[in-house]
Every structure is written in structure tokens, then in C-alpha cells.
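What follows is a set of notes on a single structure, which appears directly below.
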Amino acid sequence: MAEALTPTQTRQQHPEFGARCSFTALRSHLPLVWPAPPDLPPSPKRRYRSHYAYLGAEDLDTPRVWEELTDFEVLLRLVDFSPLRPVLAQLLGWTSAKGWTPFDPVSLFLLCGWQLTEQWNRAATLENLAKARYAEVRQRLGFQEGVYPTEGGLRYFLTALGQPAPDTAALITLPAYGDSPAGELPTQQLNHLLRQAVTLLRQHGFISDAAWGAATVCPDGMLHPAASHMRCTALTDTCYQPAPRPCPAREKDRQGCACDTPACAQFCQHAPARDPDARYVWYSGSNGPHPSPNTPQPRATNPNPHPPGHGVYGYKSLALRLMDPQYRCSVTLLDDFGPATLPEADHATALLLQLPTAYPDLHLDAVVGDAAYGYDRPLHVIYHHLHARRLIDQRAHPCDREQLGWVHRGYDDRGRPVCAFGYRFTANGFDAARQRSKWFCGQVCLRPDSRPAVTLPDVVYPPPECPFRETALAPYGELRNVGETFPDGTLRLVRDAPVGGAVWKAYYPRARNAVEARNAVFQRWGLKRLPYYGLPRNRALVALTDTWDTLTTLVRLCREASAATGN
């Protein structure tokens, strides 16, 4: 059996990879200019305490320099970040030249990127910025010797970036479907940075044409424990209201808090003051329809045990990842951030609806995700609004265990059609033009070794009354086409590829790898548990992390392509 190729080996064997992503291919295009919108007004500030300017990449012509430089330092030589200045000024909410003289926002953006990629805290970052050994980095960031921001200045930068701008924020309208009413969700303004970083990779060939022309995107959520420590699992918004206030813990027959002491005057003493938006959730560890075989059975002494998993008090980030099977890598297209109770299905739907505007030339082929997104509205939006294939894991329902019900409704517990006599159909592909899956029975009932999925009472097998037994009249037996819903009008189990089939196995494991790659970056950079307090600051931190993960992917692929071509 041939040994499977690693992602690096796969990329190096791709004919376009070395020709487009190596340093030799990029050399004539340097600097790679940050793709900011051309119609943005300039920053209203006229003077800064630092000033970023692109300083060239001549030293990269020496091969040994690549070994000495970090990915961040190589990125400073490949990319000209100057057009980012008006983008950051707008995100920071600067509208006037009056007031204090700030640091160049590009310098602060790069300083945050240096901190993230080097896995330092704020104090270590500012200490290293003043060291002589990092004089060249300091110069490329635009800081003058002895004139550096403070920790409070970096806190302000993140807080200002993470504050929503309600007067400029666009709203995404979620269409009503089934029991889900129409609603509106605000867009994540920091996605401008992420979108421009992805565009930079796309413009210079670091995302393959095949991945962009038939895109597979994967939504996924990640829980982040808060910097504050939890005191009460029943914490809600009302706990931060002035007394008197209701106690949600007491409503759940717990000890709770009477909130009748001076310590509870402004808000409950058990509510963390610096993380008022953090919430508690119980994470079971699996969104799939089938429980783990290792799950313990309920005991007679405890018939309702706590479900397996662990509690998390904090926040949730939600990312929309793009798979690139050709280069065997992935990048984040859009992200969102909120409390741990953030409803993933609705917010993922909002991110999907933003794709046509954020990336007009992206051609969406499939959306792959776990059962957290297997609700009617996201499935409807993927099919009806985005015209993509639904490869979302399925949610179980008690009715799926009633096998006799499979025959009456026409499909089994995995969404596979079942005939009137209990035999499963065989998949015959997906018609992309008509957006429907094709199924046929293949007259399987006539085979001597076949068994029905459901054996009906008072039926002779093989059933002589089946109208599709005659080969001359129906050579393939009964045919069925499944579009958005089954004939009974439900779409909970409708998928555009058989669950567990060859197509499913080709997509789903890669999608899990794509989202786990993002999880690994947050884990490696020490951001699984958030180091800062408050939702705005952590929202900005997560957005910057996704942006710098994308930018460092550019350097990593450039290094590998250069090694493959010997340049």
C-alpha cells in the first residue's frame, strides 16, 4: 500500500504551486500591496507618534536570510501594509484630526501581529520592542527609538477596534423559514481586515483556482474560557441590572443570591465585573446524532445523570473556513464572536449570507459542518439562497427510531429513501443544474440475498404486488428525485450526498481538518483561554488572530514553494 503524502508533499507536487507561490515568482511583484478599497477616505489624523513605511525586501535574495527570519519578519518584507491606514482609522472610529497625537494604526496593527505570532504577552512585547536585538523589526514597524506605546495604549487599540459602530454597521436579514421567524443580525466590522487578507492570498496565487471556483466552506464554533473566573452558572443579563433584580439561580431551585447587600447594589456580587458578556454553557463534546459507545448507561440510583462533557464559562468564536484540497490548506473567510451562548446556527447562516457580498467571485459548491447547523433555516439558505450542496451532519429525532414510520414517511433515519415495502434506495448522483439528488431502487427486492430495512407485517417477500418489478417497464425500478425537501415537506435529514457515502467521506474529514487547523492555531498561540477582559477587546483579539493566521499562511506556503523549486 502506497504511503499517503503529507500536505507539504502534496503541495510541492502540484504543478501550479511552485510556479505561483515561490519567492522567485513573487520577486517581480514585490511589494505585495495590501488590497484596501480604493474609495476609502484618508485617515483624518495628520500626525502620528510613529510612522510605518515599506522598507523593501532586498535581503531576501540571500538564501540564508530566510533561515534567520521568522514568518512575521518575512511578511514585513513581502507586503506593503500602507493602504491599511485608512481602513484601521475607520474601524477605530476616527472622524477628526483634533485631539491627541496617536501612534500610526498600522504600527499598532503590526505590533499586535508580532505579539500574537511570537506568543508574547503585552508586557513582553513592549519590553522586546525596546531591545537592541529587535532594532530592525522596530524600524520596519515604524517606531522611533524610545517612543513606544504603553500597555494601556495597546488595550485602547483593541477595545476601540472591538467596539461595534452601530451607525455604519450593516445588518444581515435572516429569512423566515418554518418555525424560525425573520430576524436581523449585525455584521462583524473587523471582517474587513480578514477579507482583505484573504484577497491578498487570492490575488497572488496562494489559494488554488479549483478551490475558489468550486468552494467548500466549513462553519465551526470554538469555545473560549474567559479571563474572569465563574462564580454562578445561572448568570444572565439581569444580574448586571441595579437592585432589586430577579435571581435566575433561585428560579432553578439553587442557593442563588438575595442581592440585598451593599455589594450587590449595582450588580450581583457573583457576576464578574470585567466580563459582563461572558456566559456559561455545558459542552458535551459532540454535535453528532449518534452518542459515543463509551457513554455510561443511567443507573437506578441516578436515572438522570448529568450529560458527559464539561462546563465552559466564557465566549464563542465562529469561523467560516475555506478548504483548499489542491494545496491541502485552509483559511478563514469570515468570523464572528459573542458570548458562549451564541446561537451558532443563526450566526453561521448570517456569515453564509455575507459571502456573495464579501467575495463576489467566489463560486460556492458545498457547505460542510457538524449537526449544530443541521436546522431548517441554515439548510434552506444553503440550498435556496446560495445554491450549494448541503453536507451538514444530521440531527437525530425520537421519531427516527420508529422503523415502521420510515415506510410511511418515505425515508430512513439517515435520509435515504425507502420504498413502500421497506427496501432502501440506491444513490445515483446529484444533478447540480436542477439541485436534486437522484435515487433508484434497482429492483433490489428480486435479489435472493436482499433483505428489507423494514419488514412489514402481512407482506410477502419479495412483494409480488410491487408495480416496479417488471424490467421491461421500469429497467431501474422506482426512481425518486429529492430536492430541497422530502415529499412530506421536511428537510431535517435531506442531504445532497448520501451520509457515509463516497462523496461524504471525501468532504467531511477534510472539513474537520480545516476547522481543527484553526483550533490548533489558537491553542499554539495561547488563545484558547482568552487573556483579556471584556467582549470588545476579545472580539478584536480573535479577529486579529484569524487575520494573522491567514497572513502567516502566505509565508509558510511561500517557504515551501521556494524549497520545492530550489529558489
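Order determines the names: the first chain of the C-alpha cells is A, the second B, and so forth; residues in each chain are numbered 1 upward, and ligands are numbered 1 upward as they are shown.
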
Sorted by chain and rising residue number, list the residues of region 61-110 of chain A at most 10 Å from region 547-557 of chain A (counting only C-alpha atoms), each with its closest atom pair and distance in Å to one decimal, as a Markdown table.
```
| residue | atom | partner | partner_atom | distance |
| --- | --- | --- | --- | --- |
| A:Thr70 | CA | A:Val555 | CA | 9.4 |
| A:Asp71 | CA | A:Val555 | CA | 5.9 |
| A:Phe72 | CA | A:Thr552 | CA | 7.0 |
| A:Glu73 | CA | A:Val555 | CA | 9.7 |
| A:Val74 | CA | A:Val555 | CA | 7.0 |
| A:Leu75 | CA | A:Val555 | CA | 6.4 |
| A:Leu78 | CA | A:Val555 | CA | 8.6 |
| A:Val79 | CA | A:Leu551 | CA | 9.6 |
| A:Leu110 | CA | A:Trp548 | CA | 9.5 |
```

| said: If DSSP is run on the backbone, what residues of region 278-476 of chain A are strand (DSSP E)? A reply as a PyMOL selection string would be ideal. | reply: chain A and resi 279-283+310-324+329-339+364-369+389-392+426-431+436-440

| request: Name the residues of region 211-302 of chain A that come out as alpha helix (DSSP H) in a backbone DSSP run; write them as JSON, numbers by chain. | output: {"A": [211, 212, 213, 248, 249, 250, 251]}

| request: Skip Arg250 (chain A) itself and residues of its chain fewer than 6 positions away, then list as a list in words all residues within 12 Å of it, counting only C-alpha atoms. | output: Cys232, Thr233, Ala234, Leu235, Gly256, Cys257, Ala258 and Cys259 of chain A

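Take CA of Leu55 (chain A) and CA of Pro31 (chain A): the distance between them is 9.6 Å.
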
| task | Find the residues around Asn513 (chain A) up to 10 Å (only C-alpha atoms counted), leave out those fewer than 5 positions away in its own chain, and share them as number ranges by chain. | result | A: 323, 328-330, 508, 518-519

| request: Find the residues around Leu318 (chain A) up to 9 Å (only C-alpha atoms counted), leave out those fewer than 2 positions away in its own chain, and share them as a list in words. | output: Pro219, Asp220, Gly221, Met222, Leu223, Lys316, Leu320, Leu334, Asp335, Asp336, Phe337, Gly338, Leu342, Glu344, His347 and Ala348 of chain A

All heavy atoms of the current selection, written as a CSV table (one decimal), in the first residue's frame:
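Listing of again16.csv after writing:
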```
chain,number,residue,atom,x,y,z
A,219,PRO,N,-18.4,26.0,8.4
A,219,PRO,CA,-18.6,26.8,9.6
A,219,PRO,C,-18.3,25.9,10.9
A,219,PRO,O,-18.5,24.7,10.9
A,219,PRO,CB,-20.1,27.1,9.6
A,219,PRO,CG,-20.7,26.0,8.8
A,219,PRO,CD,-19.7,25.5,7.8
A,220,ASP,N,-17.7,26.6,11.9
A,220,ASP,CA,-17.4,25.9,13.1
A,220,ASP,C,-17.3,26.9,14.2
A,220,ASP,O,-16.7,28.0,14.0
A,220,ASP,CB,-16.1,25.1,13.0
A,220,ASP,CG,-15.9,24.2,14.1
A,220,ASP,OD1,-16.7,23.2,14.3
A,220,ASP,OD2,-15.0,24.4,14.9
A,221,GLY,N,-17.7,26.5,15.4
A,221,GLY,CA,-17.6,27.4,16.6
A,221,GLY,C,-16.5,26.8,17.5
A,221,GLY,O,-16.3,25.6,17.6
A,222,MET,N,-15.9,27.8,18.3
A,222,MET,CA,-14.9,27.4,19.3
A,222,MET,C,-15.2,28.1,20.6
A,222,MET,O,-15.4,29.4,20.6
A,222,MET,CB,-13.5,27.8,18.8
A,222,MET,CG,-12.4,27.4,19.7
A,222,MET,SD,-10.8,28.2,19.4
A,222,MET,CE,-10.7,28.0,17.6
A,223,LEU,N,-15.3,27.4,21.7
A,223,LEU,CA,-15.5,28.0,23.0
A,223,LEU,C,-14.2,28.5,23.6
A,223,LEU,O,-13.1,27.8,23.5
A,223,LEU,CB,-16.1,27.0,23.9
A,223,LEU,CG,-17.6,26.6,23.6
A,223,LEU,CD1,-18.0,25.4,24.5
A,223,LEU,CD2,-18.5,27.8,23.9
A,316,LYS,N,-17.6,32.6,22.6
A,316,LYS,CA,-17.6,31.7,21.5
A,316,LYS,C,-17.2,32.4,20.2
A,316,LYS,O,-17.7,33.5,20.0
A,316,LYS,CB,-18.9,31.0,21.3
A,316,LYS,CG,-19.0,30.0,20.1
A,316,LYS,CD,-20.4,29.5,19.9
A,316,LYS,CE,-20.8,28.6,21.0
A,316,LYS,NZ,-22.1,28.0,20.8
A,320,LEU,N,-15.9,30.8,9.4
A,320,LEU,CA,-16.2,30.2,8.1
A,320,LEU,C,-14.9,29.9,7.4
A,320,LEU,O,-14.3,30.8,6.9
A,320,LEU,CB,-17.1,31.1,7.3
A,320,LEU,CG,-18.1,30.5,6.3
A,320,LEU,CD1,-19.1,29.6,7.0
A,320,LEU,CD2,-18.9,31.6,5.7
A,334,LEU,N,-14.6,34.5,7.0
A,334,LEU,CA,-15.3,35.4,7.8
A,334,LEU,C,-15.4,34.8,9.2
A,334,LEU,O,-15.3,33.6,9.4
A,334,LEU,CB,-16.8,35.6,7.3
A,334,LEU,CG,-16.9,36.2,5.9
A,334,LEU,CD1,-18.4,36.1,5.4
A,334,LEU,CD2,-16.5,37.7,5.9
A,335,ASP,N,-15.5,35.7,10.2
A,335,ASP,CA,-15.7,35.2,11.6
A,335,ASP,C,-16.7,36.0,12.4
A,335,ASP,O,-17.1,37.1,11.9
A,335,ASP,CB,-14.4,35.0,12.3
A,335,ASP,CG,-13.7,36.4,12.7
A,335,ASP,OD1,-14.4,37.4,12.5
A,335,ASP,OD2,-12.6,36.4,13.2
A,336,ASP,N,-17.1,35.5,13.5
A,336,ASP,CA,-18.0,36.2,14.4
A,336,ASP,C,-17.6,35.9,15.8
A,336,ASP,O,-16.8,34.9,16.1
A,336,ASP,CB,-19.4,35.8,14.1
A,336,ASP,CG,-20.4,36.9,14.6
A,336,ASP,OD1,-20.0,37.9,15.3
A,336,ASP,OD2,-21.6,36.8,14.2
A,337,PHE,N,-18.1,36.7,16.8
A,337,PHE,CA,-17.7,36.5,18.2
A,337,PHE,C,-18.8,36.9,19.1
A,337,PHE,O,-19.6,37.9,18.8
A,337,PHE,CB,-16.4,37.3,18.4
A,337,PHE,CG,-15.8,37.1,19.8
A,337,PHE,CD1,-15.0,36.0,20.0
A,337,PHE,CD2,-16.1,38.0,20.9
A,337,PHE,CE1,-14.5,35.7,21.3
A,337,PHE,CE2,-15.6,37.7,22.1
A,337,PHE,CZ,-14.8,36.6,22.3
A,338,GLY,N,-19.0,36.2,20.2
A,338,GLY,CA,-20.0,36.6,21.1
A,338,GLY,C,-19.9,35.8,22.4
A,338,GLY,O,-18.9,35.1,22.6
A,342,LEU,N,-23.9,32.0,22.2
A,342,LEU,CA,-24.1,32.5,20.9
A,342,LEU,C,-24.8,31.4,20.0
A,342,LEU,O,-24.3,30.3,19.9
A,342,LEU,CB,-22.8,32.9,20.2
A,342,LEU,CG,-22.9,33.5,18.8
A,342,LEU,CD1,-23.2,35.0,18.9
A,342,LEU,CD2,-21.5,33.3,18.0
A,344,GLU,N,-25.2,29.3,17.2
A,344,GLU,CA,-24.4,29.0,16.1
A,344,GLU,C,-25.1,28.9,14.8
A,344,GLU,O,-24.6,29.4,13.8
A,344,GLU,CB,-23.6,27.7,16.3
A,344,GLU,CG,-22.4,27.8,17.3
A,344,GLU,CD,-21.5,26.6,17.2
A,344,GLU,OE1,-21.2,26.1,16.1
A,344,GLU,OE2,-21.2,26.1,18.3
A,347,HIS,N,-26.1,32.5,13.5
A,347,HIS,CA,-24.9,33.4,13.2
A,347,HIS,C,-24.1,32.8,12.0
A,347,HIS,O,-23.5,33.5,11.2
A,347,HIS,CB,-24.0,33.6,14.4
A,347,HIS,CG,-24.6,34.6,15.4
A,347,HIS,ND1,-24.1,35.8,15.5
A,347,HIS,CD2,-25.6,34.5,16.3
A,347,HIS,CE1,-24.8,36.5,16.4
A,347,HIS,NE2,-25.7,35.7,16.9
A,348,ALA,N,-24.1,31.4,11.9
A,348,ALA,CA,-23.4,30.8,10.7
A,348,ALA,C,-24.2,31.1,9.5
A,348,ALA,O,-23.6,31.4,8.4
A,348,ALA,CB,-23.3,29.3,10.9
```

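Residues in contact with Glu465 (chain A) at 12 Å, where only C-alpha atoms are counted and same-chain residues fewer than 5 positions away are skipped, are listed as Ala420, Phe421, Cys445, Val459, Val460 and Glu470 of chain A.
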
For the selection you just gave me, I'd like the residues written to a file as a PDB file, in the first residue's frame, keeping all heavy atoms.
```
ATOM      1  N   ALA A 420     -42.163   1.509  -0.539  1.00  0.00           N
ATOM      2  CA  ALA A 420     -43.385   1.191   0.200  1.00  0.00           C
ATOM      3  C   ALA A 420     -43.332  -0.174   0.871  1.00  0.00           C
ATOM      4  O   ALA A 420     -44.179  -0.483   1.718  1.00  0.00           O
ATOM      5  CB  ALA A 420     -44.583   1.245  -0.749  1.00  0.00           C
ATOM      6  N   PHE A 421     -42.329  -0.988   0.522  1.00  0.00           N
ATOM      7  CA  PHE A 421     -42.206  -2.317   1.110  1.00  0.00           C
ATOM      8  C   PHE A 421     -40.990  -2.426   2.023  1.00  0.00           C
ATOM      9  O   PHE A 421     -40.636  -3.521   2.461  1.00  0.00           O
ATOM     10  CB  PHE A 421     -42.139  -3.370   0.008  1.00  0.00           C
ATOM     11  CG  PHE A 421     -43.354  -3.354  -0.877  1.00  0.00           C
ATOM     12  CD1 PHE A 421     -43.323  -2.701  -2.104  1.00  0.00           C
ATOM     13  CD2 PHE A 421     -44.542  -3.951  -0.487  1.00  0.00           C
ATOM     14  CE1 PHE A 421     -44.439  -2.660  -2.924  1.00  0.00           C
ATOM     15  CE2 PHE A 421     -45.664  -3.916  -1.295  1.00  0.00           C
ATOM     16  CZ  PHE A 421     -45.622  -3.268  -2.516  1.00  0.00           C
ATOM     17  N   CYS A 445     -35.389  -5.961  -4.467  1.00  0.00           N
ATOM     18  CA  CYS A 445     -36.226  -6.973  -3.835  1.00  0.00           C
ATOM     19  C   CYS A 445     -36.184  -8.305  -4.579  1.00  0.00           C
ATOM     20  O   CYS A 445     -36.538  -9.352  -4.019  1.00  0.00           O
ATOM     21  CB  CYS A 445     -37.665  -6.477  -3.718  1.00  0.00           C
ATOM     22  SG  CYS A 445     -38.424  -6.077  -5.313  1.00  0.00           S
ATOM     23  N   VAL A 459     -46.971  -8.891   4.729  1.00  0.00           N
ATOM     24  CA  VAL A 459     -46.428  -8.662   3.392  1.00  0.00           C
ATOM     25  C   VAL A 459     -45.575  -9.858   3.011  1.00  0.00           C
ATOM     26  O   VAL A 459     -44.735 -10.317   3.796  1.00  0.00           O
ATOM     27  CB  VAL A 459     -45.601  -7.371   3.334  1.00  0.00           C
ATOM     28  CG1 VAL A 459     -44.908  -7.236   1.971  1.00  0.00           C
ATOM     29  CG2 VAL A 459     -46.481  -6.156   3.590  1.00  0.00           C
ATOM     30  N   VAL A 460     -45.778 -10.351   1.802  1.00  0.00           N
ATOM     31  CA  VAL A 460     -44.994 -11.474   1.285  1.00  0.00           C
ATOM     32  C   VAL A 460     -43.750 -10.903   0.610  1.00  0.00           C
ATOM     33  O   VAL A 460     -43.835  -9.969  -0.192  1.00  0.00           O
ATOM     34  CB  VAL A 460     -45.811 -12.309   0.289  1.00  0.00           C
ATOM     35  CG1 VAL A 460     -44.954 -13.426  -0.300  1.00  0.00           C
ATOM     36  CG2 VAL A 460     -47.041 -12.883   0.971  1.00  0.00           C
ATOM     37  N   GLU A 470     -41.361  -5.225 -13.095  1.00  0.00           N
ATOM     38  CA  GLU A 470     -41.205  -5.586 -14.496  1.00  0.00           C
ATOM     39  C   GLU A 470     -40.036  -4.812 -15.093  1.00  0.00           C
ATOM     40  O   GLU A 470     -40.054  -3.580 -15.180  1.00  0.00           O
ATOM     41  CB  GLU A 470     -42.483  -5.292 -15.265  1.00  0.00           C
ATOM     42  CG  GLU A 470     -43.675  -6.128 -14.823  1.00  0.00           C
ATOM     43  CD  GLU A 470     -43.454  -7.606 -15.092  1.00  0.00           C
ATOM     44  OE1 GLU A 470     -42.701  -7.927 -16.044  1.00  0.00           O
ATOM     45  OE2 GLU A 470     -44.011  -8.438 -14.357  1.00  0.00           O
TER      46      GLU A 470
END
```

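CA of Tyr148 (chain A) lies 18.5 Å from CA of Arg85 (chain A).
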
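Between Val198 (chain A) and the candidates A:Val331, A:Ala273, A:Met230, A:Ala350, the tightest atom-to-atom separation, counting only C-alpha atoms, involves A:Val331.
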
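Those residues that approach Val407 (chain A) to within 10 Å, counting only C-alpha atoms, are Pro417, Val418, Cys419, Ala420, Phe421, Gly422, Tyr423, Arg424, Ala453, Val454, Thr455 and Leu456 of chain A; same-chain residues fewer than 6 positions away are not listed.
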
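Considering only C-alpha atoms, the residue among A:Ser107, A:Gln394, A:Thr485, A:Thr565 positioned nearest to Pro498 (chain A) is A:Gln394.
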